[in-house]
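See below for run.cif, which holds mmCIF, C-alpha atoms.
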```
data_structure
#
loop_
_atom_site.label_atom_id
_atom_site.label_comp_id
_atom_site.auth_asym_id
_atom_site.auth_seq_id
_atom_site.Cartn_x
_atom_site.Cartn_y
_atom_site.Cartn_z
CA MET T 27 -80.01 40.74 -94.78
CA GLY T 28 -79.07 38.10 -92.19
CA ASN T 29 -75.77 37.88 -90.37
CA GLU T 30 -74.65 34.53 -91.77
CA ALA T 31 -72.77 36.00 -94.75
CA TYR T 32 -71.04 38.59 -92.54
CA ILE T 33 -69.98 35.93 -90.00
CA ASN T 34 -68.72 33.70 -92.81
CA ALA T 35 -66.74 36.60 -94.28
CA VAL T 36 -65.19 37.52 -90.92
CA THR T 37 -64.42 33.86 -90.17
CA ASP T 38 -62.72 33.51 -93.54
CA GLU T 39 -60.61 36.64 -92.91
CA LEU T 40 -59.61 35.52 -89.42
CA ILE T 41 -58.51 32.15 -90.78
CA LYS T 42 -56.61 33.47 -93.79
CA LYS T 43 -55.07 36.66 -92.39
CA LEU T 44 -54.65 36.01 -88.67
CA ASP T 45 -54.21 32.21 -88.58
CA TYR T 46 -57.27 31.49 -86.44
CA LEU T 47 -58.80 28.01 -86.50
CA PRO T 48 -62.17 26.67 -85.36
CA ALA T 49 -62.02 25.37 -81.81
CA ARG T 50 -62.73 21.67 -81.34
CA ASP T 51 -64.97 19.99 -78.81
CA SER T 52 -64.01 16.96 -76.71
CA HIS T 53 -64.78 14.70 -79.68
CA GLY T 54 -62.48 16.62 -82.04
CA ARG T 55 -65.33 18.23 -84.00
CA PHE T 56 -65.19 21.86 -85.10
CA MET T 57 -67.33 24.17 -82.98
CA LEU T 58 -69.17 25.73 -85.94
CA GLU T 59 -72.86 26.18 -85.19
CA ASP T 60 -75.58 28.15 -86.97
CA LYS T 61 -75.67 30.93 -84.40
CA VAL T 62 -72.18 30.90 -82.93
CA ILE T 63 -68.69 30.14 -84.24
CA ILE T 64 -65.76 29.68 -81.86
CA LEU T 65 -62.27 30.29 -83.23
CA GLU T 66 -58.89 29.97 -81.55
CA LYS T 67 -55.34 31.09 -82.12
CA LEU T 68 -52.38 29.50 -80.39
CA GLU T 69 -49.07 31.33 -80.08
CA LEU T 70 -46.04 30.63 -77.91
CA SER T 71 -47.27 32.75 -75.00
CA GLN T 72 -50.88 33.51 -75.87
CA TYR T 73 -54.06 31.55 -76.52
CA THR T 74 -56.95 33.63 -77.88
CA ILE T 75 -60.58 32.53 -78.29
CA VAL T 76 -63.03 34.44 -80.48
CA MET T 77 -66.79 33.82 -80.24
CA LEU T 78 -68.79 35.18 -83.20
CA ILE T 79 -72.39 35.32 -81.96
CA ASP T 80 -75.35 35.98 -84.25
CA GLY T 81 -77.29 38.27 -81.91
CA ASP T 82 -80.28 38.81 -84.24
CA ASN T 83 -81.02 35.09 -84.52
CA MET T 84 -80.87 34.47 -80.77
CA ASP T 85 -83.45 35.34 -78.17
CA SER T 86 -82.46 37.01 -74.91
CA LYS T 87 -82.12 33.70 -73.08
CA GLU T 88 -79.74 32.31 -75.72
CA ILE T 89 -77.65 35.48 -75.54
CA ASP T 90 -77.37 35.04 -71.78
CA ILE T 91 -76.43 31.34 -72.17
CA ASN T 92 -73.67 32.15 -74.67
CA VAL T 93 -72.27 34.89 -72.46
CA ARG T 94 -72.02 32.43 -69.58
CA MET T 95 -70.72 29.66 -71.85
CA GLY T 96 -67.85 31.90 -72.95
CA SER T 97 -66.77 32.55 -69.37
CA GLN T 98 -67.02 28.85 -68.50
CA TYR T 99 -65.05 27.89 -71.61
CA LEU T 100 -62.32 30.38 -70.67
CA ASP T 101 -62.18 29.07 -67.08
CA ALA T 102 -61.86 25.50 -68.36
CA LEU T 103 -58.98 26.49 -70.64
CA LYS T 104 -57.19 28.32 -67.83
CA SER T 105 -57.33 25.24 -65.65
CA ASN T 106 -56.07 22.91 -68.38
CA HIS T 107 -53.48 24.93 -70.33
CA ILE T 108 -50.24 26.57 -69.35
CA GLU T 109 -50.46 29.41 -71.86
CA GLU T 110 -52.08 32.76 -71.14
CA THR T 111 -55.66 32.87 -72.38
CA GLU T 112 -58.02 35.63 -73.48
CA LEU T 113 -61.60 35.59 -74.75
CA VAL T 114 -63.20 37.98 -77.23
CA GLN T 115 -67.01 37.76 -77.46
CA VAL T 116 -68.38 39.40 -80.62
CA PHE T 117 -72.14 40.07 -80.75
CA ILE T 118 -73.33 40.75 -84.30
CA PHE T 119 -76.54 42.66 -85.10
CA ASN T 120 -77.95 44.24 -88.25
CA GLY T 121 -78.62 47.47 -86.39
CA LYS T 122 -78.98 48.46 -82.76
CA PRO T 123 -79.63 45.40 -80.54
CA GLU T 124 -82.99 45.01 -78.81
CA SER T 125 -83.08 46.62 -75.39
CA LEU T 126 -83.20 43.37 -73.40
CA LYS T 127 -80.34 41.80 -75.37
CA ASN T 128 -78.33 45.00 -75.02
CA LEU T 129 -79.00 45.01 -71.25
CA ILE T 130 -77.74 41.42 -70.89
CA ILE T 131 -74.53 42.20 -72.75
CA ARG T 132 -73.97 45.46 -70.84
CA ASN T 133 -74.48 43.69 -67.50
CA SER T 134 -71.92 41.08 -68.54
CA ILE T 135 -69.47 43.83 -69.40
CA GLU T 136 -69.95 45.50 -66.02
CA ASN T 137 -69.68 42.19 -64.14
CA SER T 138 -66.41 41.29 -65.87
CA LEU T 139 -64.63 44.62 -65.58
CA TYR T 140 -62.16 43.02 -63.19
CA ASP T 141 -61.49 40.08 -65.52
CA SER T 142 -58.88 41.42 -67.90
CA ASP T 143 -58.99 38.23 -69.98
CA ILE T 144 -62.49 38.89 -71.40
CA SER T 145 -63.28 41.49 -74.06
CA TYR T 146 -66.63 42.35 -75.64
CA VAL T 147 -67.46 43.70 -79.08
CA ILE T 148 -70.87 44.77 -80.41
CA VAL T 149 -71.13 45.05 -84.18
CA GLU T 150 -73.98 47.02 -85.75
CA LYS T 151 -73.57 45.92 -89.34
CA PHE T 152 -75.82 48.30 -91.26
CA ASN T 153 -74.73 51.27 -89.16
CA GLN T 154 -71.11 50.17 -89.65
CA ASN T 155 -70.51 50.62 -85.92
CA VAL T 156 -68.12 48.51 -83.86
CA PHE T 157 -68.16 49.09 -80.09
CA TYR T 158 -65.43 47.56 -77.96
CA TRP T 159 -64.73 47.04 -74.25
CA GLY T 160 -61.61 45.30 -72.96
CA LYS T 161 -57.84 45.38 -72.88
CA ASN T 162 -55.83 46.81 -75.72
CA SER T 163 -53.75 43.99 -77.20
CA PRO T 164 -52.39 43.43 -80.74
CA ASN T 165 -54.53 40.30 -81.16
CA ILE T 166 -57.74 42.05 -80.24
CA GLN T 167 -56.99 45.15 -82.29
CA SER T 168 -56.39 42.94 -85.34
CA ILE T 169 -59.77 41.27 -84.77
CA ILE T 170 -61.52 44.64 -84.48
CA SER T 171 -59.86 45.81 -87.70
CA ILE T 172 -61.34 42.83 -89.57
CA LEU T 173 -64.74 43.35 -87.94
CA LYS T 174 -64.76 47.00 -89.04
CA GLN T 175 -63.61 46.08 -92.50
CA GLY T 176 -66.35 43.47 -92.67
CA THR T 177 -69.14 45.99 -92.03
CA GLY T 178 -68.49 47.52 -95.44
CA MET T 179 -67.99 44.27 -97.34
CA ASN T 180 -69.92 42.84 -100.25
CA TYR T 181 -71.14 39.53 -98.85
CA THR T 182 -72.49 38.07 -102.08
CA SER T 183 -69.68 35.56 -102.53
CA PHE T 184 -69.97 34.36 -98.94
CA GLU T 185 -73.69 33.70 -99.29
CA LEU T 186 -72.77 30.96 -101.76
CA TYR T 187 -71.41 28.90 -98.85
CA PRO T 188 -74.36 27.18 -97.18
CA ASP T 189 -71.98 25.99 -94.48
CA ILE T 190 -68.79 27.80 -93.45
CA GLU T 191 -67.43 24.41 -92.34
CA GLU T 192 -66.77 23.51 -95.98
CA LYS T 193 -64.71 26.67 -96.35
CA VAL T 194 -62.79 25.93 -93.17
CA TYR T 195 -61.95 22.39 -94.24
CA GLU T 196 -60.79 23.74 -97.58
CA GLU T 197 -58.42 26.24 -95.91
CA ILE T 198 -57.03 23.69 -93.46
CA LYS T 199 -56.49 21.00 -96.07
CA GLN T 200 -54.32 23.37 -98.10
CA GLU T 201 -52.01 24.08 -95.18
CA GLU T 202 -51.97 20.85 -93.17
CA ILE T 203 -48.66 19.09 -92.64
CA ALA T 204 -48.70 15.55 -93.99
CA PRO T 205 -46.38 13.10 -92.17
CA VAL T 206 -43.71 11.59 -94.42
CA THR T 207 -43.10 8.52 -92.31
CA ASN T 208 -44.06 6.91 -89.02
CA LYS T 209 -40.81 4.92 -88.80
CA ILE T 210 -38.12 6.82 -86.94
CA ARG T 211 -34.69 5.67 -88.12
CA ILE T 212 -32.09 8.37 -88.73
CA THR T 213 -32.64 9.96 -85.31
CA TYR T 214 -31.73 6.71 -83.54
CA ILE T 215 -28.90 6.02 -85.99
CA ILE T 216 -27.31 9.41 -85.18
CA VAL T 217 -27.67 8.71 -81.45
CA MET T 218 -25.98 5.31 -81.93
CA ILE T 219 -23.18 6.84 -84.01
CA ASN T 220 -22.51 9.44 -81.32
CA ALA T 221 -22.53 6.75 -78.63
CA ALA T 222 -20.23 4.49 -80.68
CA VAL T 223 -17.78 7.34 -81.29
CA TRP T 224 -17.72 8.12 -77.57
CA VAL T 225 -17.12 4.45 -76.63
CA LEU T 226 -14.41 4.00 -79.28
CA GLY T 227 -12.73 7.26 -78.25
CA ASN T 228 -12.60 6.14 -74.62
CA ILE T 229 -11.24 2.71 -75.56
CA LEU T 230 -8.42 4.36 -77.55
CA ARG T 231 -7.76 6.84 -74.74
CA ILE T 232 -7.53 4.10 -72.11
CA SER T 233 -5.45 1.73 -74.24
CA THR T 234 -3.03 4.31 -75.66
CA GLY T 235 -3.22 7.16 -73.18
CA PHE T 236 -3.93 9.47 -76.12
CA ASP T 237 -7.35 11.08 -76.73
CA TYR T 238 -7.22 10.92 -80.54
CA PHE T 239 -10.81 11.94 -81.25
CA THR T 240 -10.76 15.05 -79.05
CA ILE T 241 -7.32 16.15 -80.18
CA TYR T 242 -7.97 15.69 -83.91
CA GLY T 243 -11.72 16.25 -84.05
CA SER T 244 -12.68 19.14 -81.77
CA LYS T 245 -13.27 22.66 -83.05
CA SER T 246 -9.93 24.44 -82.76
CA ASN T 247 -9.63 27.78 -84.54
CA ILE T 248 -5.88 27.66 -85.09
CA HIS T 249 -6.07 24.19 -86.66
CA ILE T 250 -8.99 25.21 -88.90
CA ILE T 251 -6.97 28.19 -90.12
CA LEU T 252 -4.07 25.80 -90.84
CA GLY T 253 -6.33 23.79 -93.16
CA GLU T 254 -7.97 21.15 -90.93
CA TYR T 255 -11.44 21.99 -92.21
CA TRP T 256 -12.93 18.68 -91.07
CA ARG T 257 -13.04 20.27 -87.62
CA LEU T 258 -16.15 22.17 -88.79
CA ILE T 259 -17.93 18.79 -89.08
CA THR T 260 -16.46 16.32 -86.59
CA PRO T 261 -17.33 18.20 -83.34
CA MET T 262 -21.04 17.38 -83.78
CA PHE T 263 -20.22 13.68 -83.27
CA LEU T 264 -17.94 14.14 -80.23
CA HIS T 265 -18.73 14.58 -76.52
CA ALA T 266 -16.69 15.48 -73.48
CA ASP T 267 -18.19 12.93 -71.10
CA LEU T 268 -21.08 10.54 -70.55
CA MET T 269 -23.43 13.22 -69.16
CA HIS T 270 -22.75 15.45 -72.17
CA LEU T 271 -23.55 12.55 -74.50
CA PHE T 272 -26.72 11.66 -72.60
CA ALA T 273 -28.05 15.23 -72.53
CA ASN T 274 -27.60 15.73 -76.28
CA SER T 275 -28.94 12.27 -77.12
CA PHE T 276 -32.01 12.83 -74.97
CA SER T 277 -32.77 16.18 -76.63
CA LEU T 278 -32.14 14.74 -80.09
CA VAL T 279 -34.59 11.90 -79.53
CA ILE T 280 -37.28 14.31 -78.26
CA PHE T 281 -36.90 16.76 -81.17
CA GLY T 282 -35.84 14.27 -83.81
CA GLN T 283 -38.85 11.95 -83.56
CA VAL T 284 -41.22 14.78 -84.48
CA VAL T 285 -38.99 16.39 -87.11
CA GLU T 286 -38.11 13.12 -88.86
CA ARG T 287 -41.77 12.11 -88.98
CA PHE T 288 -42.72 15.25 -90.92
CA TYR T 289 -39.52 15.90 -92.91
CA GLY T 290 -38.39 12.36 -93.63
CA VAL T 291 -35.03 10.61 -93.30
CA LYS T 292 -33.01 12.58 -95.87
CA LYS T 293 -34.19 16.03 -94.81
CA MET T 294 -33.69 15.16 -91.14
CA LEU T 295 -30.08 14.20 -91.93
CA TYR T 296 -29.54 17.40 -93.94
CA ILE T 297 -30.94 19.49 -91.09
CA TYR T 298 -28.72 17.81 -88.49
CA VAL T 299 -25.48 17.99 -90.48
CA ILE T 300 -25.89 21.46 -92.03
CA ALA T 301 -27.11 22.95 -88.73
CA GLY T 302 -24.12 21.37 -86.97
CA ILE T 303 -21.71 22.84 -89.53
CA THR T 304 -23.36 26.27 -89.30
CA GLY T 305 -23.10 26.13 -85.51
CA ASN T 306 -19.40 25.25 -85.69
CA ILE T 307 -18.76 28.07 -88.19
CA MET T 308 -20.46 30.56 -85.85
CA SER T 309 -18.32 29.24 -83.01
CA PHE T 310 -15.21 29.60 -85.21
CA ALA T 311 -16.20 33.19 -86.02
CA PHE T 312 -16.94 34.46 -82.54
CA THR T 313 -15.05 32.47 -79.91
CA PRO T 314 -11.46 31.24 -79.69
CA ASN T 315 -12.37 28.44 -77.29
CA VAL T 316 -11.91 24.81 -78.25
CA SER T 317 -15.28 23.05 -78.29
CA LEU T 318 -17.05 19.84 -79.21
CA GLY T 319 -20.54 18.38 -78.92
CA ALA T 320 -23.75 17.81 -80.86
CA SER T 321 -25.62 20.69 -79.21
CA GLY T 322 -25.55 22.94 -82.29
CA ALA T 323 -26.84 20.16 -84.54
CA VAL T 324 -29.47 19.14 -81.97
CA LEU T 325 -30.72 22.71 -81.66
CA GLY T 326 -30.79 22.81 -85.45
CA VAL T 327 -33.36 20.02 -85.27
CA GLY T 328 -35.17 22.20 -82.71
CA GLY T 329 -35.00 25.07 -85.22
CA ALA T 330 -36.79 22.82 -87.73
CA LEU T 331 -39.47 22.28 -85.11
CA VAL T 332 -39.92 26.04 -84.73
CA PHE T 333 -40.22 26.34 -88.53
CA MET T 334 -43.01 23.75 -88.40
CA TRP T 335 -44.69 25.74 -85.62
CA ILE T 336 -44.65 28.97 -87.58
CA ARG T 337 -45.66 27.47 -90.91
CA ASN T 338 -48.48 25.24 -89.64
CA LYS T 339 -50.52 25.92 -86.56
CA ASN T 340 -53.32 23.53 -87.54
CA SER T 341 -51.39 20.44 -86.49
CA TYR T 342 -50.42 22.04 -83.18
CA SER T 343 -53.91 23.14 -82.22
CA ILE T 344 -54.93 19.49 -81.84
CA ARG T 345 -52.03 18.38 -79.63
CA ARG T 346 -51.31 21.69 -77.95
CA ARG T 347 -49.47 20.54 -74.83
CA GLN T 348 -47.14 18.20 -76.69
CA TYR T 349 -45.87 20.85 -79.07
CA ILE T 350 -45.82 23.65 -76.50
CA THR T 351 -43.52 21.40 -74.45
CA LEU T 352 -41.22 20.71 -77.40
CA VAL T 353 -40.83 24.36 -78.35
CA PHE T 354 -40.36 25.26 -74.67
CA LEU T 355 -37.52 22.73 -74.43
CA PHE T 356 -35.89 24.24 -77.52
CA PHE T 357 -35.87 27.78 -76.12
CA PHE T 358 -34.94 26.49 -72.66
CA ASN T 359 -31.78 24.90 -74.10
CA ILE T 360 -30.77 28.21 -75.68
CA VAL T 361 -31.51 30.32 -72.59
CA TYR T 362 -29.85 27.74 -70.32
CA GLY T 363 -26.64 28.01 -72.35
CA PHE T 364 -26.36 31.74 -71.68
CA ASN T 365 -26.58 31.15 -67.94
CA GLN T 366 -23.85 28.50 -67.76
CA THR T 367 -20.09 28.69 -68.19
CA GLY T 368 -18.25 26.36 -70.55
CA ILE T 369 -21.12 26.16 -73.07
CA ASP T 370 -20.59 27.25 -76.67
CA ASN T 371 -23.56 29.58 -77.12
CA TYR T 372 -22.49 30.66 -80.60
CA ALA T 373 -22.65 27.05 -81.76
CA HIS T 374 -26.12 26.79 -80.19
CA LEU T 375 -27.47 29.92 -81.86
CA GLY T 376 -25.78 29.16 -85.19
CA GLY T 377 -27.13 25.61 -85.16
CA ALA T 378 -30.67 26.74 -84.33
CA LEU T 379 -30.62 29.36 -87.10
CA GLY T 380 -29.07 26.90 -89.55
CA GLY T 381 -31.73 24.28 -88.80
CA TYR T 382 -34.50 26.81 -89.32
CA LEU T 383 -33.08 27.95 -92.67
CA VAL T 384 -32.48 24.40 -93.93
CA SER T 385 -36.09 23.58 -93.00
CA GLY T 386 -37.32 26.50 -95.07
CA LEU T 387 -35.08 25.41 -97.94
CA SER T 388 -36.24 21.77 -97.72
CA GLY T 389 -39.94 22.48 -97.25
CA LEU T 390 -42.73 20.36 -95.81
CA ARG T 391 -45.23 18.17 -97.58
CA ASN T 392 -48.47 20.06 -98.38
CA ILE T 393 -46.90 23.37 -97.31
CA LYS T 394 -46.36 25.38 -100.46
CA LEU T 395 -43.49 27.84 -100.51
CA LYS T 396 -42.89 30.21 -103.37
CA PRO T 397 -39.60 29.52 -105.22
CA GLY T 398 -38.44 32.99 -104.23
CA LYS T 399 -38.77 32.15 -100.53
CA ARG T 400 -36.74 28.97 -100.86
CA THR T 401 -34.08 30.90 -102.76
CA ALA T 402 -34.07 33.50 -99.97
CA TYR T 403 -33.50 30.77 -97.33
CA LEU T 404 -30.61 29.39 -99.42
CA ILE T 405 -29.01 32.82 -99.90
CA ILE T 406 -29.29 33.71 -96.20
CA LEU T 407 -27.79 30.35 -95.18
CA PHE T 408 -24.93 30.79 -97.67
CA ILE T 409 -24.20 34.36 -96.59
CA ILE T 410 -24.20 33.48 -92.88
CA ASN T 411 -21.71 30.66 -93.37
CA ILE T 412 -19.42 32.57 -95.76
CA PHE T 413 -19.34 35.63 -93.50
CA GLY T 414 -18.77 33.38 -90.47
CA LEU T 415 -15.73 31.82 -92.15
CA LEU T 416 -14.39 35.22 -93.23
CA ILE T 417 -14.80 36.66 -89.73
CA GLY T 418 -13.05 33.65 -88.19
CA PHE T 419 -10.09 33.80 -90.56
CA ILE T 420 -9.74 37.59 -90.18
CA ARG T 421 -10.03 37.57 -86.38
CA PHE T 422 -7.83 34.60 -85.54
CA SER T 423 -5.23 34.56 -88.33
CA ALA T 424 -3.28 37.46 -86.88
#
```
What would the structure in this file look like if it were written as C-alpha cells?
Amino acid sequence: MGNEAYINAVTDELIKKLDYLPARDSHGRFMLEDKVIILEKLELSQYTIVMLIDGDNMDSKEIDINVRMGSQYLDALKSNHIEETELVQVFIFNGKPESLKNLIIRNSIENSLYDSDISYVIVEKFNQNVFYWGKNSPNIQSIISILKQGTGMNYTSFELYPDIEEKVYEEIKQEEIAPVTNKIRITYIIVMINAAVWVLGNILRISTGFDYFTIYGSKSNIHIILGEYWRLITPMFLHADLMHLFANSFSLVIFGQVVERFYGVKKMLYIYVIAGITGNIMSFAFTPNVSLGASGAVLGVGGALVFMWIRNKNSYSIRRRQYITLVFLFFFNIVYGFNQTGIDNYAHLGGALGGYLVSGLSGLRNIKLKPGKRTAYLIILFIINIFGLLIGFIRFSA
C-alpha cells in the first residue's frame, strides 16, 4: 500500500484537531504536492512548519533536496517573521527506509544537532514505528501522537480522495470568516462622538468655570451607590485631556476597522458599549478611584479581535504580520496599564473580557457555534457583571 492515504489521513487530523493549515507559496497557492505536503500553524508566540514527505516515492536525490529545502524555508521564515519558528520534517516509509535514504536523513540529523528549531521524524508505517529526534515541545509531541495513531488507521476512506487539496478546501471553507462589510462607519462615529463630547465639555468648562461632564459623568463609586447608575455608561465617552482622547481614538480606529469589517455595525456597537459597561463595573467593584475614559471599551474591541484570532486562524495565516501586530497592540495596552500609575487596570481587564464574551455571544459569519456555547458566554457575562455590582455595593456602601 502506498503512503498517499496515510499522508492524507495525517493531514486531515492535523487540520481538524491541531488547527494546522497548508502553507502558501508566494502566489498564494497551497503547497500540496504529490510527494510532499507542507503545513503550518500560527500561534501568538510560535510558528510551526510540518513537512510530510513521502520517502518511498522519492529517490535519494529528491530526499536530499527536500531536506535542504526545509532548512532554507525555515531560514527564510526566520528572516521575515517576528514569531519564533520551528520545523518538523516527517519522512514516511512503508517499512525500513533504503540504506542510502536512511543515511541522508541521519546525516541531516547529525548536521543539525545544534539547530534546536529543526526536528526529524521517521515513520515506518507497516512496522508501526515512529522515530523522533529534536526538542520536546507540546506542538511536536501532538504531531507525533497523530503520526503514531495514523500507523494503525484504516485508510480506506482517505483513498477516496484523489487529491487532499479538495479535503483541505472543504475544511477551510467551513471555518473561514466572511466579512460583513467593507464600509467602516460606527468606529469613526464613536471617535467623532468622543471628540465632540470632549470639545463640548471644554467649552462649558471655559465658559462657566464648571466641568459638568467630568463631575456628573465620571465613574464615582459613592455616586453610583446613591443611584447615579448612568456613571457605569458615561465614562466610556469622556476623557481627561487631549492626549487621553487621541490615544484611545487611535487604538479604537486600529482595532475597530478590523472588528467592524467582520462583525458589522450593530455587533461592533454592542461590543463597544457592553465591554465599556463591564469595564466600569469591574472598576466599581475593585477600586475606589474616580475614573473616566474609553480604554475599557476600546480594549473590549481588542477582546473581539482576540476572539477572532482563536476562532479562525485561516484568515490570519494569509496576512500574518498585520494580525500579529494588532493582537500585540492589544496585549501591550493591558501590560502597559499595569506599569503606569493613574490607569484604571480593572476597567481595562473588565472591558477586554467583556468584549471577548460579547463576541462569543454575537458570533461571526460562517463560524458555527453550538447554542450551548453561546448560552455559556451569556451566562458568564451576566454573572461577572452581577457579581461585580454586588462586590462594589458591599465594599463601598459601608
- Check which residues satisfy the PyMOL selection byres ((chain T and resi 204-217) around 9) in the file shown, then give them as a ChimeraX atom specification. /T:202-203,218-222,263,271,274-276,278-279,282-284,286-292,294-295,390-393
- Task: Run the PyMOL selection byres ((chain T and resi 331) around 8) mentally over the shown coordinates, then write out the matched residues as a ChimeraX atom specification, using the chain letters and numbers from the document.
- Result: /T:281,284-285,327-330,332-335,353,382
- Message: When the PyMOL selection byres ((chain T and resi 257) around 12) is applied to the structure above, which residues does it catch, written out as a PyMOL selection string?
- Response: chain T and resi 239-256+258-264+302-303+305-307+309-310+316-319
- Write out as a PyMOL selection string each polymer residue whose atoms come within 9 Å of range 171-175 of chain T, counting all atoms listed in the file; drop sequence neighbours fewer than 5 positions from it. chain T and resi 36+39-40+149+151+154-156+166
- Query: At what distance in Å, to one decimal, does CA of Ile33 in chain T lie from CA of Lys87 in chain T?
  - Reply: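 Going from CA of Lys87 in chain T over to CA of Ile33 in chain T covers 20.9 Å.
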- Message: So that I can see what lies close to Ile135 in chain T, please list as a list in words the residues with an atom at most 10 Å from it, counting all atoms listed in the file and leaving out residues fewer than 6 positions away in the same chain.
- Response: Val93, Leu129, Asp141, Ile144, Ser145, Tyr146, Val147, Trp159 and Gly160 of chain T
Quick one: write out the picked residues with C-alpha atoms as a short mmCIF file (atom, residue, chain, number, x, y, z; two decimals), keeping the file's coordinate frame?
```
data_model
loop_
_atom_site.label_atom_id
_atom_site.label_comp_id
_atom_site.auth_asym_id
_atom_site.auth_seq_id
_atom_site.Cartn_x
_atom_site.Cartn_y
_atom_site.Cartn_z
CA VAL T 93 -72.27 34.89 -72.46
CA LEU T 129 -79.00 45.01 -71.25
CA ASP T 141 -61.49 40.08 -65.52
CA ILE T 144 -62.49 38.89 -71.40
CA SER T 145 -63.28 41.49 -74.06
CA TYR T 146 -66.63 42.35 -75.64
CA VAL T 147 -67.46 43.70 -79.08
CA TRP T 159 -64.73 47.04 -74.25
CA GLY T 160 -61.61 45.30 -72.96
#
```
- Which neighbours of range 94-96 of chain T fall inside 8 Å, counting all atoms listed in the file, when residues of the same chain fewer than 6 positions from it are skipped, and could you give them as a PyMOL selection string? chain T and resi 77+113+115
- Task: Compile the contact shell of Ile405 in chain T as a PyMOL selection string: residues with an atom at most 12 Å away, counting only C-alpha atoms, same-chain residues fewer than 4 positions apart removed.
- Result: chain T and resi 380+383-384+386-387+398-401+409-413
- Task: Take CA of Gly322 in chain T and CA of Gly418 in chain T and report the distance between them in Å, one decimal.
- Result: 17.5 Å
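In this structure, CA of Ile91 in chain T sits 25.9 Å away from CA of Gln72 in chain T.
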- Item | For Ser388 in chain T, the nearest of the candidates T:Tyr32, T:Tyr298, T:Tyr403, T:Phe312, counting only C-alpha atoms |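 Among the listed residues, the smallest separation from Ser388 in chain T belongs to T:Tyr403.
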